[in-house]
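K.L.:
My structure file target.txt, compact mmCIF, C-alpha atoms, is below:
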# COMPACT_ATOMS: atom_id res chain seq x y z
CA GLU A 1 14.48 -14.52 1.12
CA ASN A 2 14.86 -12.61 4.37
CA ILE A 3 11.34 -11.11 4.34
CA HIS A 4 8.32 -12.64 6.06
CA VAL A 5 4.91 -11.74 4.61
CA SER A 6 1.75 -12.30 6.63
CA PHE A 7 -1.92 -11.87 5.80
CA HIS A 8 -4.77 -11.32 8.24
CA GLY A 9 -8.31 -11.05 6.99
CA PRO A 10 -11.89 -12.10 7.52
CA GLU A 11 -13.07 -15.65 6.97
CA LYS A 12 -15.68 -14.62 4.43
CA GLY A 13 -15.13 -12.69 1.22
CA LEU A 14 -15.80 -8.98 0.96
CA ILE A 15 -17.07 -7.27 -2.16
CA ILE A 16 -16.06 -3.87 -3.47
CA LEU A 17 -16.82 -2.33 -6.84
CA ALA A 18 -13.51 -2.04 -8.65
CA ASP A 19 -11.67 -3.25 -11.71
CA PRO A 20 -9.82 -6.44 -10.66
CA GLU A 21 -6.88 -5.76 -13.02
CA GLN A 22 -6.43 -2.28 -11.62
CA LEU A 23 -6.51 -3.64 -8.06
CA VAL A 24 -3.77 -6.11 -9.01
CA GLN A 25 -1.72 -3.13 -10.21
CA VAL A 26 -2.38 -1.29 -6.93
CA PHE A 27 -1.31 -4.16 -4.70
CA ASN A 28 1.63 -5.18 -6.89
CA ASN A 29 2.96 -1.64 -6.60
CA LEU A 30 2.42 -1.35 -2.83
CA LEU A 31 4.03 -4.73 -2.19
CA LYS A 32 6.97 -4.02 -4.50
CA ASN A 33 7.57 -0.72 -2.70
CA ALA A 34 7.35 -2.47 0.67
CA PHE A 35 9.90 -5.10 -0.38
CA GLN A 36 12.25 -2.48 -1.79
CA SER A 37 12.06 -0.34 1.35
CA ILE A 38 13.58 -3.06 3.54
CA PRO A 39 17.39 -2.91 3.76
CA PHE A 40 19.21 -6.10 2.73
CA ASP A 41 20.75 -6.53 6.18
CA LYS A 42 17.41 -6.35 8.02
CA LYS A 43 14.99 -9.20 8.72
CA GLY A 44 12.01 -7.89 6.79
CA LYS A 45 8.39 -8.06 7.74
CA ILE A 46 5.35 -7.14 5.64
CA ASP A 47 1.89 -7.43 7.16
CA ILE A 48 -1.23 -7.24 5.00
CA THR A 49 -4.47 -6.75 6.93
CA VAL A 50 -8.04 -6.64 5.65
CA SER A 51 -10.93 -5.62 7.88
CA ALA A 52 -14.45 -4.35 7.42
CA ASP A 53 -17.33 -2.74 9.22
CA ASP A 54 -20.88 -2.19 7.96
CA THR A 55 -19.84 0.34 5.31
CA ASP A 56 -16.10 0.16 4.61
CA VAL A 57 -13.35 -2.27 3.75
CA GLU A 58 -9.90 -1.30 5.03
CA ILE A 59 -6.72 -2.82 3.63
CA SER A 60 -3.32 -2.02 5.08
CA VAL A 61 0.15 -2.91 3.85
CA LYS A 62 2.70 -2.42 6.62
CA ASP A 63 6.47 -2.87 6.32
CA ASN A 64 9.38 -2.50 8.68
CA GLY A 65 11.54 -0.81 6.06
CA SER A 66 13.41 2.45 6.12
CA GLY A 67 10.35 4.71 6.20
CA ILE A 68 9.77 7.83 4.11
CA THR A 69 11.67 11.05 4.77
CA ALA A 70 9.74 14.26 5.46
CA GLU A 71 11.10 15.70 2.21
CA ASP A 72 9.91 12.72 0.15
CA GLN A 73 6.48 12.72 1.80
CA LYS A 74 5.71 16.07 0.15
CA LYS A 75 6.08 14.50 -3.32
CA LEU A 76 5.05 10.92 -2.60
CA PHE A 77 1.98 10.74 -4.87
CA SER A 78 3.35 13.10 -7.54
CA PRO A 79 3.92 11.75 -11.05
CA ASN A 80 7.57 11.22 -12.00
CA PHE A 81 8.76 11.20 -8.38
CA THR A 82 11.02 8.31 -7.40
CA THR A 83 13.69 7.60 -4.82
CA LYS A 84 14.99 4.66 -6.85
CA SER A 85 17.61 4.51 -9.56
CA THR A 86 15.21 2.69 -11.90
CA GLY A 87 11.60 3.25 -12.79
CA MET A 88 9.67 6.27 -13.90
CA GLY A 89 8.13 7.29 -10.58
CA LEU A 90 4.56 6.69 -11.65
CA GLY A 91 3.65 3.86 -9.26
CA LEU A 92 2.13 5.67 -6.30
CA SER A 93 0.60 8.34 -8.52
CA ILE A 94 -1.21 5.61 -10.48
CA VAL A 95 -2.15 3.79 -7.25
CA LYS A 96 -3.76 6.92 -5.83
CA ASN A 97 -5.59 7.63 -9.09
CA ILE A 98 -7.00 4.08 -9.33
CA ILE A 99 -8.17 4.12 -5.73
CA GLU A 100 -9.81 7.53 -6.01
CA ILE A 101 -11.54 6.66 -9.31
CA THR A 102 -12.96 3.63 -7.51
CA GLY A 103 -14.33 5.92 -4.78
CA GLY A 104 -11.69 4.87 -2.26
CA ARG A 105 -9.12 6.70 -0.17
CA ILE A 106 -5.43 6.07 0.46
CA SER A 107 -3.34 7.33 3.35
CA TYR A 108 -0.10 6.38 5.03
CA THR A 109 1.86 6.63 8.23
CA THR A 110 5.61 6.41 8.30
CA ARG A 111 8.51 6.63 10.70
CA ALA A 112 12.09 6.92 9.55
CA GLY A 113 14.00 3.72 10.28
CA HIS A 114 10.86 1.84 11.35
CA GLY A 115 8.67 1.49 8.28
CA THR A 116 5.53 2.61 6.54
CA THR A 117 1.89 1.58 6.51
CA PHE A 118 -0.31 2.35 3.52
CA THR A 119 -4.02 2.17 4.30
CA ILE A 120 -6.73 1.94 1.66
CA ASN A 121 -10.44 2.31 2.33
CA PHE A 122 -13.17 1.25 -0.09
CA ASN A 123 -16.93 1.29 0.24
CA LEU A 124 -18.27 -2.17 1.06
CA TYR A 125 -20.68 -3.40 -1.59
CA LYS A 126 -23.80 -4.96 -0.12
Here is a file; write its structure as structure tokens.

P.N.:
Amino acid sequence: ENIHVSFHGPEKGLIILADPEQLVQVFNNLLKNAFQSIPFDKKGKIDITVSADDTDVEISVKDNGSGITAEDQKKLFSPNFTTKSTGMGLGLSIVKNIIEITGGRISYTTRAGHGTTFTINFNLYK
């Protein structure tokens, strides 16, 4: 209710070789984490950006949430790691696995109190 989501992308479609259902799982998880990272008393903002060059497609999911602590960054993609009171802590581990199986890469930048950006790169299919 207090979170604004924006999307910026190219006019034309881009093609990557990946399982559509697995990509839905990837983006559902990243968006859910972004929503959950924003404190209730903060006006939330999530920006999704898609861009491409001649060889790569880059997708970023940026939030203005609480960021990820240095301690948590060490375990971020590990199975069974969670900072939440619910869930099994498999989300980001599965996300990373899906992206890497597809030949992609995932990275992130974060700043405590300011938010996190997850960036995914895939090979552009021509």

K.L.:
Of the residues A:Leu124, A:Gln25, A:Ala112, A:Ala18, which is the one nearest to Asp72 of chain A, using all atoms listed in the file?

P.N.:
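That would be A:Ala112, the residue with the smallest distance to Asp72 of chain A.
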
K.L.:
Please identify all polymer residues within 9 Å of segment 14-17 of chain A, counting only C-alpha atoms, omitting same-chain residues fewer than 5 positions from it, and present them as a ChimeraX atom specification.

P.N.:
/A:52,57,102-103,122-126

K.L.:
Would you write out those residues with C-alpha atoms, as a PDB file, keeping the file's coordinate frame?

P.N.:
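Contents of part13.pdb, freshly written:
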ATOM      1  CA  ALA A  52     -14.450  -4.350   7.420  1.00  0.00           C
ATOM      2  CA  VAL A  57     -13.350  -2.270   3.750  1.00  0.00           C
ATOM      3  CA  THR A 102     -12.960   3.630  -7.510  1.00  0.00           C
ATOM      4  CA  GLY A 103     -14.330   5.920  -4.780  1.00  0.00           C
ATOM      5  CA  PHE A 122     -13.170   1.250  -0.090  1.00  0.00           C
ATOM      6  CA  ASN A 123     -16.930   1.290   0.240  1.00  0.00           C
ATOM      7  CA  LEU A 124     -18.270  -2.170   1.060  1.00  0.00           C
ATOM      8  CA  TYR A 125     -20.680  -3.400  -1.590  1.00  0.00           C
ATOM      9  CA  LYS A 126     -23.800  -4.960  -0.120  1.00  0.00           C
TER      10      LYS A 126
END

K.L.:
When you draw a straight line from atom CA of Val95 of chain A to atom CA of Glu71 of chain A, how long is it in Å?

P.N.:
20.2 Å

K.L.:
Using all atoms listed in the file, which residue out of A:Asn121, A:Phe27, A:Glu21, A:Ser66 lies closest to Phe40 of chain A?

P.N.:
A:Ser66

K.L.:
Give me, as an mmCIF file with C-alpha atoms, in the coordinates of the input, all polymer residues having an atom no more than 9 Å from Asp47 of chain A, counting only C-alpha atoms and skipping those fewer than 5 positions away in the same chain.

P.N.:
data_model
loop_
_atom_site.group_PDB
_atom_site.id
_atom_site.type_symbol
_atom_site.label_atom_id
_atom_site.label_comp_id
_atom_site.auth_asym_id
_atom_site.auth_seq_id
_atom_site.Cartn_x
_atom_site.Cartn_y
_atom_site.Cartn_z
ATOM 1 C CA HIS A 4 8.320 -12.640 6.060
ATOM 2 C CA VAL A 5 4.910 -11.740 4.610
ATOM 3 C CA SER A 6 1.750 -12.300 6.630
ATOM 4 C CA PHE A 7 -1.920 -11.870 5.800
ATOM 5 C CA HIS A 8 -4.770 -11.320 8.240
ATOM 6 C CA SER A 60 -3.320 -2.020 5.080
ATOM 7 C CA VAL A 61 0.150 -2.910 3.850
ATOM 8 C CA LYS A 62 2.700 -2.420 6.620
ATOM 9 C CA ASP A 63 6.470 -2.870 6.320
#

K.L.:
Have a look at A:Tyr108, A:Pro10, A:Lys96, A:Gly115 and name the one nearest to Asp53 of chain A; count all atoms listed in the file.

P.N.:
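Looking only at the distances to Asp53 of chain A, the closest residue turns out to be A:Pro10.
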
K.L.:
In Å, rounded to a single decimal, give me how far atom CA of Ile98 of chain A is from atom CA of Asp19 of chain A.

P.N.:
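Spanning atom CA of Asp19 of chain A to atom CA of Ile98 of chain A is a straight-line distance of 9.0 Å.
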
K.L.:
For Asn29 of chain A, which residue out of A:Leu92, A:Lys43, A:Gly67, A:Gln73 is the nearest one, using all atoms listed in the file?

P.N.:
A:Leu92

K.L.:
Please determine, counting only C-alpha atoms, which residue among A:Ser93, A:Ser37, A:Ser78, A:Gln22 has the shortest atom-to-atom distance to Thr117 of chain A.

P.N.:
A:Ser37

K.L.:
Using all atoms listed in the file, which protein or nucleic acid residues come within 12 Å of Asp41 of chain A? Drop anything in the same chain fewer than 6 positions from it, and give the result as JSON, numbers by chain.

P.N.:
{"A": [1, 2, 3, 65, 66]}

K.L.:
With all atoms listed in the file as the atoms that count, which of A:Gly91, A:Val50, A:Arg105, A:Ile120 lies nearest to Lys32 of chain A?

P.N.:
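Of the candidates, the smallest distance to Lys32 of chain A is held by A:Gly91.
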
K.L.:
Would you work out the distance separating atom CA of Lys45 of chain A from atom CA of Ile68 of chain A, expressed in Å to one decimal?

P.N.:
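The value is 16.4 Å.
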